[in-house]
$ cat start-v6.txt   # compact mmCIF, C-alpha atoms
# COMPACT_ATOMS: atom_id res chain seq x y z
CA MET A 573 -3.62 -4.70 -7.52
CA THR A 574 -0.58 -3.27 -5.79
CA GLN A 575 2.26 -5.51 -4.62
CA ILE A 576 4.84 -4.41 -2.09
CA ILE A 577 8.06 -6.28 -1.38
CA LEU A 578 10.14 -5.07 1.57
CA TYR A 579 13.77 -6.18 1.76
CA ASP A 580 14.92 -5.81 5.37
CA ASN A 581 14.38 -2.16 6.26
CA LYS A 582 16.50 -0.84 3.40
CA THR A 583 14.63 -1.36 0.12
CA ILE A 584 11.00 -1.50 -0.94
CA HIS A 585 9.67 -2.52 -4.36
CA ILE A 586 6.20 -1.22 -5.29
CA ASP A 587 4.43 -2.75 -8.27
CA GLY A 588 1.15 -1.29 -9.53
CA TYR A 589 1.25 2.28 -8.22
CA LYS A 590 -0.50 5.17 -9.99
CA SER A 591 1.45 8.30 -9.03
CA ILE A 592 3.83 9.91 -6.56
CA ILE A 593 1.92 12.31 -4.31
CA ASN A 594 4.72 13.58 -2.09
CA PHE A 595 8.44 12.92 -1.87
CA LYS A 596 10.86 14.05 0.84
CA SER A 597 13.93 12.29 2.18
CA ASP A 598 11.95 11.27 5.29
CA GLU A 599 8.49 10.52 3.80
CA LEU A 600 7.10 9.29 0.50
CA SER A 601 3.39 9.08 -0.40
CA VAL A 602 2.34 6.99 -3.39
CA LYS A 603 -1.18 6.81 -4.82
CA CYS A 604 -2.23 3.25 -5.53
CA LYS A 605 -5.51 1.93 -6.90
CA GLU A 606 -7.75 2.52 -3.88
CA ARG A 607 -5.48 3.83 -1.12
CA THR A 608 -2.31 5.79 -0.52
CA LEU A 609 0.89 4.09 0.59
CA VAL A 610 2.99 6.13 3.03
CA ILE A 611 6.65 5.20 3.62
CA LYS A 612 8.51 6.92 6.47
CA GLY A 613 12.21 6.75 7.22
CA SER A 614 15.42 8.64 6.60
CA GLY A 615 17.59 9.09 3.55
CA LEU A 616 14.80 7.81 1.28
CA GLN A 617 15.53 7.92 -2.42
CA ILE A 618 13.88 6.59 -5.55
CA ASP A 619 16.36 4.22 -7.19
CA SER A 620 14.22 3.46 -10.23
CA PHE A 621 10.69 3.88 -11.48
CA SER A 622 8.56 3.25 -14.52
CA GLU A 623 4.86 3.57 -15.26
CA VAL A 624 4.07 0.51 -13.12
CA CYS A 625 6.87 -0.15 -10.62
CA MET A 626 9.21 1.72 -8.31
CA VAL A 627 12.19 0.85 -6.09
CA ILE A 628 12.91 2.99 -3.02
CA SER A 629 15.90 2.69 -0.73
CA GLY A 630 17.02 4.25 2.54
CA LYS A 631 16.31 3.50 6.18
CA ILE A 632 12.64 2.49 6.18
CA ASN A 633 10.95 2.85 9.57
CA ASP A 634 7.25 2.56 8.72
CA VAL A 635 5.04 1.48 5.83
CA SER A 636 1.30 2.10 6.11
CA TRP A 637 -1.88 2.49 4.08
CA VAL A 638 -4.06 5.60 4.26
CA ASN A 639 -7.62 5.62 2.90
CA GLN A 640 -8.21 8.60 0.61

$ encode --input "start-v6.txt" --output "structure tokens"
Amino acid sequence: MTQIILYDNKTIHIDGYKSIINFKSDELSVKCKERTLVIKGSGLQIDSFSEVCMVISGKINDVSWVNQ
């Protein structure tokens, strides 16, 4: 199970991701168990990550799931 905690539109905590698919300062794609999480914004950066959790900051405009 993947848990996502969004703090305002500045920080997102992802728990239970599998891998980073794509990372740019305006879009981040993360493979989770069954779907892909896409985060769009500006100035996105990965503040911390481990095998199971990740913290991303920046101006977050959109968070959505994509079936893949």

$ closest_residue --input "start-v6.txt" --among "A:Lys603, A:Leu616, A:Lys631, A:Phe621" --to "Lys582 in chain A" --atoms "all atoms listed in the file"
A:Lys631

$ residues_around --input "start-v6.txt" --residues "range 573-575 of chain A" --least-positions-apart "6" --cutoff "9 Å" --atoms "all atoms listed in the file" --output "PyMOL selection string"
chain A and resi 585-589+604-605

$ atom_distance --input "start-v6.txt" --atom1 "CA of Ile618 in chain A" --atom2 "CA of Glu606 in chain A"
22.1 Å

$ residues_around --input "start-v6.txt" --residues "Asn594 in chain A" --least-positions-apart "2" --cutoff "12 Å" --atoms "all atoms listed in the file" --output "list in words"
Ser591, Ile592, Lys596, Ser597, Asp598, Glu599, Leu600, Ser601, Val602, Lys603, Thr608, Leu609, Val610, Ile611 and Lys612 of chain A

$ atom_distance --input "start-v6.txt" --atom1 "CA of Ser636 in chain A" --atom2 "CA of Glu623 in chain A"
21.7 Å

$ atom_distance --input "start-v6.txt" --atom1 "CA of Asp580 in chain A" --atom2 "CA of Asn639 in chain A"
25.4 Å

$ residues_around --input "start-v6.txt" --residues "Thr583 in chain A" --least-positions-apart "2" --cutoff "9 Å" --atoms "all atoms listed in the file" --output "PyMOL selection string"
chain A and resi 577-581+585+627-632

$ closest_residue --input "start-v6.txt" --among "A:Asp619, A:Val624, A:Ser614, A:Val638" --to "Ile584 in chain A" --atoms "only C-alpha atoms"
A:Asp619

$ decode --input "start-v6.txt" --residues "chain A" --atoms "C-alpha atoms" --output "PDB file, in the first residue's frame"
ATOM      1  CA  MET A 573       0.000   0.000   0.000  1.00  0.00           C
ATOM      2  CA  THR A 574       1.203   3.483  -0.849  1.00  0.00           C
ATOM      3  CA  GLN A 575       0.494   6.425   1.454  1.00  0.00           C
ATOM      4  CA  ILE A 576       0.760  10.025   0.337  1.00  0.00           C
ATOM      5  CA  ILE A 577       0.756  12.993   2.696  1.00  0.00           C
ATOM      6  CA  LEU A 578       0.574  16.444   1.108  1.00  0.00           C
ATOM      7  CA  TYR A 579       1.558  19.433   3.246  1.00  0.00           C
ATOM      8  CA  ASP A 580       0.006  22.545   1.689  1.00  0.00           C
ATOM      9  CA  ASN A 581       1.319  22.698  -1.868  1.00  0.00           C
ATOM     10  CA  LYS A 582       4.975  22.664  -0.831  1.00  0.00           C
ATOM     11  CA  THR A 583       5.878  19.179   0.435  1.00  0.00           C
ATOM     12  CA  ILE A 584       4.719  15.649  -0.291  1.00  0.00           C
ATOM     13  CA  HIS A 585       5.685  12.502   1.633  1.00  0.00           C
ATOM     14  CA  ILE A 586       5.372   9.200  -0.254  1.00  0.00           C
ATOM     15  CA  ASP A 587       5.534   5.964   1.721  1.00  0.00           C
ATOM     16  CA  GLY A 588       5.619   2.612  -0.076  1.00  0.00           C
ATOM     17  CA  TYR A 589       6.938   3.529  -3.529  1.00  0.00           C
ATOM     18  CA  LYS A 590       8.932   1.091  -5.677  1.00  0.00           C
ATOM     19  CA  SER A 591      11.111   3.257  -7.938  1.00  0.00           C
ATOM     20  CA  ILE A 592      11.616   6.672  -9.511  1.00  0.00           C
ATOM     21  CA  ILE A 593      10.663   6.545 -13.193  1.00  0.00           C
ATOM     22  CA  ASN A 594      11.328  10.133 -14.220  1.00  0.00           C
ATOM     23  CA  PHE A 595      12.600  13.210 -12.432  1.00  0.00           C
ATOM     24  CA  LYS A 596      12.697  16.792 -13.714  1.00  0.00           C
ATOM     25  CA  SER A 597      12.272  20.025 -11.795  1.00  0.00           C
ATOM     26  CA  ASP A 598       8.703  20.330 -13.141  1.00  0.00           C
ATOM     27  CA  GLU A 599       7.548  16.664 -13.108  1.00  0.00           C
ATOM     28  CA  LEU A 600       8.277  13.548 -11.088  1.00  0.00           C
ATOM     29  CA  SER A 601       6.942  10.050 -11.858  1.00  0.00           C
ATOM     30  CA  VAL A 602       7.127   7.378  -9.169  1.00  0.00           C
ATOM     31  CA  LYS A 603       6.235   3.706  -9.650  1.00  0.00           C
ATOM     32  CA  CYS A 604       4.081   2.403  -6.831  1.00  0.00           C
ATOM     33  CA  LYS A 605       2.599  -1.052  -6.333  1.00  0.00           C
ATOM     34  CA  GLU A 606      -0.085  -0.994  -9.032  1.00  0.00           C
ATOM     35  CA  ARG A 607       0.009   2.502 -10.530  1.00  0.00           C
ATOM     36  CA  THR A 608       2.314   5.404 -11.234  1.00  0.00           C
ATOM     37  CA  LEU A 609       2.142   8.608  -9.205  1.00  0.00           C
ATOM     38  CA  VAL A 610       2.790  11.776 -11.214  1.00  0.00           C
ATOM     39  CA  ILE A 611       3.630  15.030  -9.405  1.00  0.00           C
ATOM     40  CA  LYS A 612       3.713  18.261 -11.431  1.00  0.00           C
ATOM     41  CA  GLY A 613       4.917  21.653 -10.292  1.00  0.00           C
ATOM     42  CA  SER A 614       7.986  23.852 -10.353  1.00  0.00           C
ATOM     43  CA  GLY A 615      11.274  23.733  -8.504  1.00  0.00           C
ATOM     44  CA  LEU A 616      10.632  20.126  -7.447  1.00  0.00           C
ATOM     45  CA  GLN A 617      13.435  18.454  -5.549  1.00  0.00           C
ATOM     46  CA  ILE A 618      13.873  15.231  -3.628  1.00  0.00           C
ATOM     47  CA  ASP A 619      14.732  16.185  -0.050  1.00  0.00           C
ATOM     48  CA  SER A 620      15.211  12.632   1.200  1.00  0.00           C
ATOM     49  CA  PHE A 621      14.559   9.071   0.148  1.00  0.00           C
ATOM     50  CA  SER A 622      15.109   5.527   1.286  1.00  0.00           C
ATOM     51  CA  GLU A 623      13.988   2.139   0.015  1.00  0.00           C
ATOM     52  CA  VAL A 624      10.415   2.772   1.210  1.00  0.00           C
ATOM     53  CA  CYS A 625       9.773   6.510   1.606  1.00  0.00           C
ATOM     54  CA  MET A 626      10.520   9.790  -0.123  1.00  0.00           C
ATOM     55  CA  VAL A 627      10.013  13.499   0.642  1.00  0.00           C
ATOM     56  CA  ILE A 628       9.640  15.952  -2.246  1.00  0.00           C
ATOM     57  CA  SER A 629       9.433  19.723  -1.977  1.00  0.00           C
ATOM     58  CA  GLY A 630       8.789  22.614  -4.343  1.00  0.00           C
ATOM     59  CA  LYS A 631       5.650  24.250  -5.687  1.00  0.00           C
ATOM     60  CA  ILE A 632       3.281  21.317  -6.211  1.00  0.00           C
ATOM     61  CA  ASN A 633       0.483  22.035  -8.695  1.00  0.00           C
ATOM     62  CA  ASP A 634      -0.930  18.580  -9.421  1.00  0.00           C
ATOM     63  CA  VAL A 635      -0.770  15.047  -8.020  1.00  0.00           C
ATOM     64  CA  SER A 636      -2.401  12.254 -10.014  1.00  0.00           C
ATOM     65  CA  TRP A 637      -2.395   8.496 -10.550  1.00  0.00           C
ATOM     66  CA  VAL A 638      -1.731   6.913 -13.945  1.00  0.00           C
ATOM     67  CA  ASN A 639      -2.562   3.260 -14.628  1.00  0.00           C
ATOM     68  CA  GLN A 640       0.387   1.434 -16.181  1.00  0.00           C
TER      69      GLN A 640
END
